[in-house]
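Data block below; observations after.
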Amino acid sequence: MAEIRVFPLSCAVQNYSWGKVGLESEVAKLLSSGDPLVQIEPDRPYAELWMGAHPRGDAIIRDNRIPQKTLGQWIADNPACLGTKVKDTFQGQLPFLFKVLSVDTALSIQAHPNKELAAKLHAQFPEHYPDANHKPEMAIALTPFEGLCGFRPVEEIVSFLQNVPELRALIGEVAAEQLERSGSDDPRGVSAALRVCFTRLMKSEKKFFVDQLNMLVKRISQEEEGKDTSGSNGELLLRLHSQYPGDIGCFTIYFLNLVKLEPGEAMFLGANEPHAYLRGDCVECMACSDNTVRAGLTPKFIDVLTLCEMLNYTPAPSSSKIFPAVQSQLDPNVYVYDPPVPDFAIMRIEIPASIKLYLISAIDSASILLVIQGTAVGTSTAAASEMSLCRGSVLFISANESISLHLSSPDGMLLFRACCLL
Ligand SMILES: [Zn+2]
């Protein structure tokens with residue numbers, strides 16, 4: 001029998017409290033569809049599905065002819081599966097972690113350090129920064145998805161400073177006026193003024209900002225029913241405050257873009273980009289790391305000084321935060337999201353109903369394939385036997401192996417494939 005180099009995986013679930021509960025969660029839906037034996041508990045949050053070899057959620061191999069139990073163990077024994085370039089560049093490790101996220105309540109305001117800062121933070125505070133690696137990440141919406149990302153254009157921030165006196169009180173008159181006066185002909189001056197304003201907000205005294213936040217919430221709640229509160233971003237403020245009462249992170253909505261993604265649209269979070277996921281379901285891919293600097297909307301360790309110090313204070317419109325997918329020239333059914341980092345890329349594969357036989361092509365990288373929609377029987381010279389694929393199925397594909405899909409569903413298939421394009 002030929003060596004088995006393509007096989008199905010059972011993936012690890014993380015039940016973080018911010019996840020959608022029961023079968024409202026895309027994570028839970030994919031789990032129960034991919035494996036009918038999985039019991040979904042109706043009141044339990046199903047926040048993340050981890051498709052990879054991370055030690056805290058190493059995928060289980062679902063092929064009992066393979067002696068190793070987990071993907072991490074198998075890769076350690078078969079590093080050639082990564083592909084030569086990936087193996088050499090990333091020291092024999094799978095460089096990415098592929099995930100599905102189902103977000104019900106907001107995740108913390110955060111940013112991820114670049115490689116240099118990540119190494120420094122890890123050396124200084126290993127208990128808070130458990131990895132030395134950077135952590136670029138990309139989210140692609142599966143359902144309408146909302147997040148905060150990057151600093152808003154200055155005109156928008158200035159407009160909030162004028163419409164929201166509680167915010168202005170926290171920033172202080174001097175800093176607010178400095179930002180108002182900063183001209184678009186002087187981008188360094190704008191960034192400097194923005195840094196001062198944001199840092200003043202994040203470092204304000206707890207009692208002071210809780211009072212201002214309560215006043216703001218009361219004022220918006222009392223404003224006439226049906227009245228437009230967009231000048232103070234009222235709807236979002238009340239929602240975040242109900243999730244994280246008295247949290248300074250609620251005020252960050254006045255500085256950061258609200259980005260709304262439709263299914264298939266993506267957001268890339270490079271180093272030092274402030275962000276927070278607010279709600280919706282997405283697939284996410286990231287470099288294998290756990291290096292996150294947080295500063296609000298979280299009960300976890302927060303490090304305001306480091307965050308304010310490291311951020312990229314370049315204002316840009318919300319629309320500029322949507323990361324484009326490029327249709328493959330080799331295969332019009334494939335759209336590639338290729339971020340400006342070497343660690344990972346994602347392909348969205350949309351197989352139309354008219355195609356009954358489709359080839360998942362060989363690439364020079366190990367990859368992980370997730371079925372979002374449709375059914376097929378998969379065959380590969382590197383698989384032990386036929387694999388029946390349906391919504392929620394996850395496959396590991398070694399470098400330079402291909403799979404033929406014999407489609408059995410009437411309306412085509414939707415797949416996501418994480419890989420490393422060096
Ligand atoms: Zn993040």
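Each chain in the structure tokens gets a letter, A, B, ..., in the order shown, and its residues are numbered from 1; ligands are numbered from 1 in order too.
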_Please find the residues contacting ligand 1 at a distance of at most 9 Å between atoms, with only C-alpha atoms and all ligand atoms counted, and report them as a ChimeraX atom specification._
/A:107-112,135-138,269,273-277,286,291-293
Selected residues, C-alpha atoms, written as a PDB file, in the first residue's frame, please.
ATOM      1  CA  LEU A 107     -13.362  40.063  21.578  1.00  0.00           C
ATOM      2  CA  SER A 108     -10.753  42.248  23.217  1.00  0.00           C
ATOM      3  CA  ILE A 109      -9.245  45.363  21.663  1.00  0.00           C
ATOM      4  CA  GLN A 110      -5.867  44.091  20.628  1.00  0.00           C
ATOM      5  CA  ALA A 111      -2.881  44.282  18.332  1.00  0.00           C
ATOM      6  CA  HIS A 112      -0.181  41.802  17.505  1.00  0.00           C
ATOM      7  CA  LYS A 135       0.932  36.778  14.724  1.00  0.00           C
ATOM      8  CA  PRO A 136      -0.496  38.248  11.548  1.00  0.00           C
ATOM      9  CA  GLU A 137      -4.071  37.061  11.042  1.00  0.00           C
ATOM     10  CA  MET A 138      -6.757  37.145   8.398  1.00  0.00           C
ATOM     11  CA  LEU A 269      -4.519  42.253  10.547  1.00  0.00           C
ATOM     12  CA  GLU A 273      -2.975  47.169  13.626  1.00  0.00           C
ATOM     13  CA  PRO A 274      -5.530  47.762  16.428  1.00  0.00           C
ATOM     14  CA  HIS A 275      -8.574  45.512  16.065  1.00  0.00           C
ATOM     15  CA  ALA A 276     -11.426  43.687  17.770  1.00  0.00           C
ATOM     16  CA  TYR A 277     -13.875  41.197  16.335  1.00  0.00           C
ATOM     17  CA  MET A 286      -2.853  33.092  11.504  1.00  0.00           C
ATOM     18  CA  ASN A 291       1.304  36.909  21.030  1.00  0.00           C
ATOM     19  CA  THR A 292      -1.488  39.399  21.658  1.00  0.00           C
ATOM     20  CA  VAL A 293      -1.352  42.798  23.370  1.00  0.00           C
TER      21      VAL A 293
END
*Pick out each residue of stretch 240-311 of chain A that DSSP on the backbone tags as strand (DSSP E); I need them as a list of chain:residue names.*
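These are the residues in question: A:Leu256, A:Asn257, A:Leu258, A:Val259, A:Lys260, A:Leu261, A:Ala266, A:Met267, A:Phe268, A:Leu269, A:His275, A:Ala276, A:Tyr277, A:Leu278, A:Arg279, A:Gly280, A:Asp281, A:Cys282, A:Val283, A:Glu284, A:Cys285, A:Met286, A:Ala287, A:Val293, A:Arg294.
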*asked:* Please list as an MDAnalysis selection string every residue within 8 Å of stretch 178-187 of chain A, counting only C-alpha atoms and excluding residues in the same chain fewer than 5 positions away.
replied: chainID A and resid 154 158 193:194 197 314
Just write the chosen residues, N, CA, C and O atoms, as an mmCIF file, in the first residue's frame.
data_model
loop_
_atom_site.group_PDB
_atom_site.id
_atom_site.type_symbol
_atom_site.label_atom_id
_atom_site.label_comp_id
_atom_site.auth_asym_id
_atom_site.auth_seq_id
_atom_site.Cartn_x
_atom_site.Cartn_y
_atom_site.Cartn_z
ATOM 1 N N VAL A 154 -9.245 61.068 10.161
ATOM 2 C CA VAL A 154 -9.255 62.061 11.235
ATOM 3 C C VAL A 154 -10.572 62.833 11.278
ATOM 4 O O VAL A 154 -11.081 63.137 12.368
ATOM 5 N N VAL A 158 -12.620 63.561 14.663
ATOM 6 C CA VAL A 158 -12.886 64.941 15.088
ATOM 7 C C VAL A 158 -14.388 65.162 15.243
ATOM 8 O O VAL A 158 -14.850 65.794 16.199
ATOM 9 N N ALA A 193 -0.578 63.497 16.784
ATOM 10 C CA ALA A 193 -1.737 64.008 17.527
ATOM 11 C C ALA A 193 -2.698 62.865 17.880
ATOM 12 O O ALA A 193 -3.271 62.825 18.979
ATOM 13 N N LEU A 194 -2.835 61.948 16.943
ATOM 14 C CA LEU A 194 -3.710 60.797 17.164
ATOM 15 C C LEU A 194 -3.172 59.921 18.296
ATOM 16 O O LEU A 194 -3.916 59.459 19.161
ATOM 17 N N CYS A 197 -3.975 61.589 21.600
ATOM 18 C CA CYS A 197 -5.403 61.464 21.961
ATOM 19 C C CYS A 197 -5.735 60.046 22.412
ATOM 20 O O CYS A 197 -6.384 59.837 23.440
ATOM 21 N N THR A 314 -1.837 55.357 11.577
ATOM 22 C CA THR A 314 -2.119 55.909 10.256
ATOM 23 C C THR A 314 -3.621 55.834 9.996
ATOM 24 O O THR A 314 -4.177 54.745 9.906
#
With 12 Å as the cut-off and only C-alpha atoms counted, what is the closest atom pair between each nearby residue of stretch 220-303 of chain A and stretch 84-96 of chain A? Distances in Å to one decimal, ordered by chain and number, as a Markdown table.
| residue | atom | partner | partner_atom | distance |
| --- | --- | --- | --- | --- |
| A:Glu284 | CA | A:Phe96 | CA | 10.2 |
| A:Cys285 | CA | A:Phe96 | CA | 6.7 |
| A:Met286 | CA | A:Phe96 | CA | 5.5 |
| A:Ala287 | CA | A:Phe96 | CA | 4.5 |
| A:Cys288 | CA | A:Phe96 | CA | 5.0 |
| A:Ser289 | CA | A:Phe96 | CA | 8.6 |
| A:Asp290 | CA | A:Phe96 | CA | 11.6 |
*Nearest to A:Val100: which of A:Asn78, A:Thr143, A:Gln124, A:Asn114 is it, counting only C-alpha atoms?*
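Closest to A:Val100, using only C-alpha atoms: A:Thr143.
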*Nearest to A:Ser385, chosen from A:Ile60, A:Leu121, A:Val6, A:Ala76, with only C-alpha atoms counted in the distances*: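 Looking only at the distances to A:Ser385, the closest residue turns out to be A:Val6.
Distance check against A:Gly147 using only C-alpha atoms: of A:Asn214, A:Ser409, A:Asn312, A:Thr105, the minimum falls on A:Thr105.
The smallest atom-to-atom distance between A:Pro339 and any of A:Phe301, A:Phe268, A:Phe160, A:Phe198, using only C-alpha atoms, is found for A:Phe268.
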*Expressed in Å to a single decimal, how great is the separation between atom CA of A:Ile403 and atom CA of A:Thr381?*
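Between atom CA of A:Ile403 and atom CA of A:Thr381 the gap works out to 8.0 Å.
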*Which of these residues is nearest to A:Arg65, using only C-alpha atoms: A:Leu405, A:Ala384, A:Leu49, A:Ile140?*
A:Ala384
*Taking only C-alpha atoms into account, which of A:Ser320, A:Thr375, A:Ser408, A:Thr229 comes nearest A:Gly34?*
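Among A:Ser320, A:Thr375, A:Ser408, A:Thr229, it is A:Thr375 that comes nearest to A:Gly34.
If you count only C-alpha atoms and ignore residues fewer than 4 places along the chain from A:Phe208, what sits within 10 Å of it is Ala169, Leu170, Ser204, Gln212 and Leu213 of chain A.
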Write out the residues from the selection above, keeping N, CA, C and O atoms, as a JSON list (two decimals), in the first residue's frame.
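Once written, selection-v3.json looks like this:
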[["chain", "number", "residue", "atom", "x", "y", "z"],
["A", 169, "ALA", "N", -14.05, 64.97, 27.10],
["A", 169, "ALA", "CA", -13.60, 65.18, 28.49],
["A", 169, "ALA", "C", -12.44, 64.25, 28.83],
["A", 169, "ALA", "O", -11.50, 64.63, 29.53],
["A", 170, "LEU", "N", -12.49, 63.01, 28.31],
["A", 170, "LEU", "CA", -11.42, 62.05, 28.61],
["A", 170, "LEU", "C", -10.12, 62.41, 27.89],
["A", 170, "LEU", "O", -9.03, 62.21, 28.41],
["A", 204, "SER", "N", -6.77, 57.03, 30.87],
["A", 204, "SER", "CA", -7.52, 57.86, 31.81],
["A", 204, "SER", "C", -7.87, 57.06, 33.07],
["A", 204, "SER", "O", -7.94, 55.84, 33.05],
["A", 212, "GLN", "N", -17.80, 58.95, 32.95],
["A", 212, "GLN", "CA", -18.11, 59.50, 31.63],
["A", 212, "GLN", "C", -18.88, 58.49, 30.79],
["A", 212, "GLN", "O", -19.82, 58.84, 30.06],
["A", 213, "LEU", "N", -18.49, 57.22, 30.90],
["A", 213, "LEU", "CA", -19.17, 56.18, 30.12],
["A", 213, "LEU", "C", -20.62, 56.05, 30.58],
["A", 213, "LEU", "O", -21.53, 55.97, 29.75]]
*Would you please extract all helix (DSSP H, G or I) residues from stretch 160-371 of chain A, as assigned by DSSP on the backbone, and give them as a count of residues only?*
84
*Got a sec: who's within 8 Å of stretch 216-218 of chain A, counting only C-alpha atoms, leaving out chain neighbours fewer than 4 positions off, as a list in words?*
Val164, Glu166, Gln212, Gln222, Leu237, Leu238 and His241 of chain A
